[in-house]
Amino acid sequence: MFPDVIKLPAELVVRLRGPYEGMRVCVTGGAGFIGGHLVDALQALGATVWVIDDLSNADASHLAGMMDLAPDQVNFIHGSILEDAALRTAVTDAHVIFHLAAVGSVPRSISDPERSWIVNASGTVRVLEAARKAGSKRVVFAGSSSVYGDDPDLPKVEGKPPRPRSPYAASKAAAEHACLAWSSSYGLDTVSLRYFNVFGPRQSPESEYAAVIPRFASRLLAGERPVIFGDGQQSRDFTYVANAVLATLLAGSCESPLRGEVINVGAGKRTTLLELAALMAELCIDDGRAITAEPEHRPMRPGDVMHSLADISKAATILGYKPIVGLKQGLADTIAWQRGLPASKPDSA
Ligand SMILES: NC(=O)c1ccc[n+]([C@@H]2O[C@H](COP(=O)([O-])OP(=O)(O)OC[C@H]3O[C@@H](n4cnc5c(N)ncnc54)[C@H](O)[C@@H]3O)[C@@H](O)[C@H]2O)c1
């Protein structure tokens, strides 16, 4: 059965099953938030998936469930992409490698920049080398909109030079360049997807580095005021995880060669944090009970950018990508998950 969260329309399931059925793929960071949803979708499409994850920012509970459900299709290596033997095993015979393993937080990179660099930049070089030696066809790299930094122009278009403002963004920009260089030097197909603020079920609200949507949801559901760093006028292109997974599947199965292309993956719409807090408060109303929506403001954090909005026309042209789930439905499903309820039935964006 296709996972509820991903909500791929039937014609897309048919289209994607063609390339993925029976294909062996590797997902680095596949125990994590986006990686876990990607593994669900790949399994449902009939792929054989090898996950490598050191569980530094995840637990294995979701994967363990997937392995019980499909023991012939889902395999897990508990190890780091920095360990050659573990990585070699994970990528053996992998046609496509989805490289999502990373230390994925701006504040964490500011407190420990070297760790972010080693895992995100050097780790990507190791994945590219492993892919090359294994004879893999393609590496799909999880890049980040953070590489645009404080460039004030909106929407963000891929052709502009990166202006990273944090060690995390710098490590992601370096990794994109490595992908391009490995395509040019060794003929390995690579593509960097610049994800814009991905959210959805199973994104942890707990860590001090948690993303804004799960943090808002847990505060609102506990009857507390959401906390905003800054005045709340900063805006983001919030991308429901089903949309990010769809773009990733399309990138892995795209028939044209990809030679280090950089492609934005977003919803193509922007929402301020004040608008987000109000919308989420509305969705959190339970049995008519009033929700304390008035945000609590704290000082802006270093490395945070003011506005972000993806131009998704390149993703449409090259990958045939179009978002399938809108913000409101994605938020409703995320809040339902945080309340412990199942996701709603598929709907259009
Ligand atoms: N969530 C977003 O909004 C967003 C936005 C832009 C880019 N990205 C990128 O997408 C990818 C997935 O993000 P996510 O939100 O699912 O994060 P996540 O932290 O949930 O997933 C990353 C996974 O990588 C694993 N990992 C970390 N270091 C590792 C190592 N050395 N070896 C093996 N595994 C390792 C972690 O345990 C975790 O399971 C990351 O590369 C992230 O930088 C995410």
# chains A, B, ... in the order shown; residues from 1 in each chain; ligands from 1
>>> closest_atom_pairs(of="chain A", to="ligand 1", cutoff="8 Å", atoms="only C-alpha atoms and all ligand atoms", output="Markdown table")
| residue | atom | partner | partner_atom_place_in_ligand_line | distance |
| --- | --- | --- | --- | --- |
| A:Thr28 | CA | ligand 1 | 34 (N) | 6.0 |
| A:Gly29 | CA | ligand 1 | 24 (O) | 3.5 |
| A:Gly30 | CA | ligand 1 | 39 (O) | 6.0 |
| A:Ala31 | CA | ligand 1 | 39 (O) | 4.4 |
| A:Gly32 | CA | ligand 1 | 39 (O) | 3.2 |
| A:Phe33 | CA | ligand 1 | 16 (O) | 3.7 |
| A:Ile34 | CA | ligand 1 | 16 (O) | 3.7 |
| A:Gly35 | CA | ligand 1 | 16 (O) | 5.4 |
| A:Gly36 | CA | ligand 1 | 16 (O) | 7.5 |
| A:Ile52 | CA | ligand 1 | 33 (C) | 5.8 |
| A:Asp53 | CA | ligand 1 | 34 (N) | 3.5 |
| A:Asp54 | CA | ligand 1 | 33 (C) | 4.3 |
| A:Leu55 | CA | ligand 1 | 37 (O) | 3.7 |
| A:Ser56 | CA | ligand 1 | 37 (O) | 4.0 |
| A:Asn57 | CA | ligand 1 | 37 (O) | 3.7 |
| A:Ala58 | CA | ligand 1 | 39 (O) | 4.5 |
| A:Asp59 | CA | ligand 1 | 39 (O) | 7.4 |
| A:His78 | CA | ligand 1 | 33 (C) | 7.9 |
| A:Gly79 | CA | ligand 1 | 33 (C) | 6.0 |
| A:Ser80 | CA | ligand 1 | 32 (N) | 3.3 |
| A:Ile81 | CA | ligand 1 | 32 (N) | 4.1 |
| A:Leu82 | CA | ligand 1 | 31 (N) | 5.7 |
| A:His99 | CA | ligand 1 | 41 (O) | 7.1 |
| A:Leu100 | CA | ligand 1 | 41 (O) | 4.1 |
| A:Ala101 | CA | ligand 1 | 24 (O) | 3.4 |
| A:Ala102 | CA | ligand 1 | 27 (C) | 4.4 |
| A:Val103 | CA | ligand 1 | 27 (C) | 5.1 |
| A:Gly104 | CA | ligand 1 | 43 (O) | 4.0 |
| A:Ser105 | CA | ligand 1 | 43 (O) | 7.0 |
| A:Val119 | CA | ligand 1 | 31 (N) | 5.2 |
| A:Asn120 | CA | ligand 1 | 41 (O) | 7.5 |
| A:Gly123 | CA | ligand 1 | 31 (N) | 6.9 |
| A:Phe141 | CA | ligand 1 | 41 (O) | 7.6 |
| A:Ala142 | CA | ligand 1 | 10 (O) | 4.8 |
| A:Gly143 | CA | ligand 1 | 7 (C) | 5.3 |
| A:Ser144 | CA | ligand 1 | 6 (C) | 3.9 |
| A:Ser145 | CA | ligand 1 | 6 (C) | 6.0 |
| A:Ser146 | CA | ligand 1 | 6 (C) | 7.2 |
| A:Lys172 | CA | ligand 1 | 43 (O) | 7.5 |
| A:Arg194 | CA | ligand 1 | 6 (C) | 6.4 |
| A:Tyr195 | CA | ligand 1 | 6 (C) | 4.3 |
| A:Phe196 | CA | ligand 1 | 5 (C) | 5.2 |
| A:Asn197 | CA | ligand 1 | 3 (O) | 3.6 |
| A:Val198 | CA | ligand 1 | 3 (O) | 3.6 |
| A:Phe199 | CA | ligand 1 | 3 (O) | 6.2 |
| A:Gln203 | CA | ligand 1 | 20 (O) | 6.8 |
| A:Ser204 | CA | ligand 1 | 20 (O) | 7.9 |
| A:Ala211 | CA | ligand 1 | 3 (O) | 7.4 |
| A:Thr239 | CA | ligand 1 | 3 (O) | 7.8 |
>>> select_by_dssp(residues="stretch 3-53 of chain A", states="alpha helix (DSSP H)", output="JSON, numbers by chain")
{"A": [10, 11, 12, 13, 14, 15, 16, 17, 18, 19, 20, 33, 34, 35, 36, 37, 38, 39, 40, 41, 42, 43, 44]}
>>> closest_residue(among="A:Ala10, A:His177, A:Leu249, A:Ile335", to="A:Pro205", atoms="only C-alpha atoms")
A:Ile335
>>> closest_residue(among="A:Gly149, A:Arg126, A:Ala173, A:Pro302", to="A:Asp84", atoms="only C-alpha atoms")
A:Arg126
>>> closest_residue(among="A:Ser171, A:Thr190, A:Ala41, A:Val127", to="A:Pro113", atoms="only C-alpha atoms")
A:Ser171
>>> atom_distance(atom1="atom CA of A:Asp189", atom2="atom CA of A:Thr92")
16.7 Å
>>> atom_distance(atom1="atom CA of A:Ala293", atom2="atom CA of A:Asp4")
29.0 Å
>>> atom_distance(atom1="atom CA of A:Leu276", atom2="atom CA of A:Gly330")
12.2 Å
>>> residues_around(residues="A:Glu294", least_positions_apart="2", cutoff="12 Å", atoms="only C-alpha atoms", output="ChimeraX atom specification")
/A:216,219-220,223-228,232,273-282,290-292,296-297
>>> residues_around(residues="A:Trp117", least_positions_apart="5", cutoff="8 Å", atoms="only C-alpha atoms", output="PDB file with N, CA and C atoms, in the first residue's frame")
ATOM      1  N   SER A 122      32.963  16.890   3.449  1.00  0.00           N
ATOM      2  CA  SER A 122      33.843  15.727   3.220  1.00  0.00           C
ATOM      3  C   SER A 122      33.014  14.450   3.075  1.00  0.00           C
ATOM      4  N   PRO A 167      28.039  28.059   8.694  1.00  0.00           N
ATOM      5  CA  PRO A 167      28.862  26.887   8.335  1.00  0.00           C
ATOM      6  C   PRO A 167      28.022  25.795   7.673  1.00  0.00           C
ATOM      7  N   TYR A 168      26.769  25.627   8.098  1.00  0.00           N
ATOM      8  CA  TYR A 168      25.896  24.625   7.460  1.00  0.00           C
ATOM      9  C   TYR A 168      25.729  24.948   5.977  1.00  0.00           C
ATOM     10  N   SER A 171      28.840  24.333   3.988  1.00  0.00           N
ATOM     11  CA  SER A 171      29.122  22.908   3.751  1.00  0.00           C
ATOM     12  C   SER A 171      28.215  22.364   2.646  1.00  0.00           C
TER      13      SER A 171
END
>>> select_by_dssp(residues="stretch 42-260 of chain A", states="strand (DSSP E)", output="number ranges by chain")
A: 48-53, 74-78, 96-99, 138-144, 189-195, 198-199, 227-229, 235-236, 239-240, 259-260
>>> write_last_selection(atoms="C-alpha atoms", output="PDB file, in the first residue's frame")
ATOM      1  CA  THR A  48      15.190  -2.650  -2.871  1.00  0.00           C
ATOM      2  CA  VAL A  49      16.502  -0.053  -0.447  1.00  0.00           C
ATOM      3  CA  TRP A  50      19.762  -0.031   1.490  1.00  0.00           C
ATOM      4  CA  VAL A  51      19.857   2.591   4.227  1.00  0.00           C
ATOM      5  CA  ILE A  52      23.005   3.792   5.927  1.00  0.00           C
ATOM      6  CA  ASP A  53      22.513   5.985   8.971  1.00  0.00           C
ATOM      7  CA  VAL A  74      14.454  -2.695   3.250  1.00  0.00           C
ATOM      8  CA  ASN A  75      17.968  -3.203   4.628  1.00  0.00           C
ATOM      9  CA  PHE A  76      19.729  -1.145   7.255  1.00  0.00           C
ATOM     10  CA  ILE A  77      23.397  -0.530   7.965  1.00  0.00           C
ATOM     11  CA  HIS A  78      23.977   1.209  11.258  1.00  0.00           C
ATOM     12  CA  VAL A  96      20.880   5.433  -7.608  1.00  0.00           C
ATOM     13  CA  ILE A  97      22.207   6.853  -4.342  1.00  0.00           C
ATOM     14  CA  PHE A  98      20.002   9.348  -2.522  1.00  0.00           C
ATOM     15  CA  HIS A  99      22.443  11.213  -0.292  1.00  0.00           C
ATOM     16  CA  ARG A 138      23.424   8.681 -10.255  1.00  0.00           C
ATOM     17  CA  VAL A 139      23.787  10.528  -6.945  1.00  0.00           C
ATOM     18  CA  VAL A 140      20.860  12.696  -5.874  1.00  0.00           C
ATOM     19  CA  PHE A 141      22.174  15.096  -3.236  1.00  0.00           C
ATOM     20  CA  ALA A 142      20.019  16.802  -0.590  1.00  0.00           C
ATOM     21  CA  GLY A 143      21.143  20.409  -0.930  1.00  0.00           C
ATOM     22  CA  SER A 144      19.651  23.362   0.866  1.00  0.00           C
ATOM     23  CA  ASP A 189      25.440  11.641 -12.987  1.00  0.00           C
ATOM     24  CA  THR A 190      24.711  13.988 -10.075  1.00  0.00           C
ATOM     25  CA  VAL A 191      21.983  16.437  -9.141  1.00  0.00           C
ATOM     26  CA  SER A 192      21.688  18.749  -6.135  1.00  0.00           C
ATOM     27  CA  LEU A 193      18.176  19.449  -4.912  1.00  0.00           C
ATOM     28  CA  ARG A 194      17.962  22.654  -2.898  1.00  0.00           C
ATOM     29  CA  TYR A 195      15.182  21.811  -0.449  1.00  0.00           C
ATOM     30  CA  VAL A 198      10.638  20.850   4.476  1.00  0.00           C
ATOM     31  CA  PHE A 199       8.040  19.890   7.096  1.00  0.00           C
ATOM     32  CA  VAL A 227       8.038  31.392  19.998  1.00  0.00           C
ATOM     33  CA  ILE A 228       9.300  33.530  17.094  1.00  0.00           C
ATOM     34  CA  PHE A 229      12.933  34.611  16.801  1.00  0.00           C
ATOM     35  CA  SER A 235       9.143  34.510   5.347  1.00  0.00           C
ATOM     36  CA  ARG A 236       9.795  30.999   4.130  1.00  0.00           C
ATOM     37  CA  THR A 239       7.483  22.603   1.565  1.00  0.00           C
ATOM     38  CA  TYR A 240       5.408  19.629   2.640  1.00  0.00           C
ATOM     39  CA  ARG A 259      25.542  16.729 -14.825  1.00  0.00           C
ATOM     40  CA  GLY A 260      25.735  18.467 -11.480  1.00  0.00           C
TER      41      GLY A 260
END
>>> closest_residue(among="A:Lys156, A:Arg215, A:His62, A:Lys328", to="A:Gly268", atoms="only C-alpha atoms")
A:Lys156
>>> residues_around(residues="stretch 13-17 of chain A", least_positions_apart="5", cutoff="9 Å", atoms="only C-alpha atoms", output="list in words")
Phe2, Leu8, Leu42, Ala44, Leu45, Gly46, Ala47, Leu249, Leu250 and Ser253 of chain A
>>> residues_around(residues="A:Ile6", least_positions_apart="2", cutoff="10 Å", atoms="only C-alpha atoms", output="PyMOL selection string")
chain A and resi 2-4+8-9+37-38+40-41+200+240-246+324-325+343+346
>>> closest_residue(among="A:Thr334, A:Gly18, A:Glu261, A:Lys322", to="A:Ser184", atoms="only C-alpha atoms")
A:Glu261
>>> closest_residue(among="A:Ala86, A:Cys254, A:Ala174, A:Val265", to="A:Lys137", atoms="only C-alpha atoms")
A:Cys254
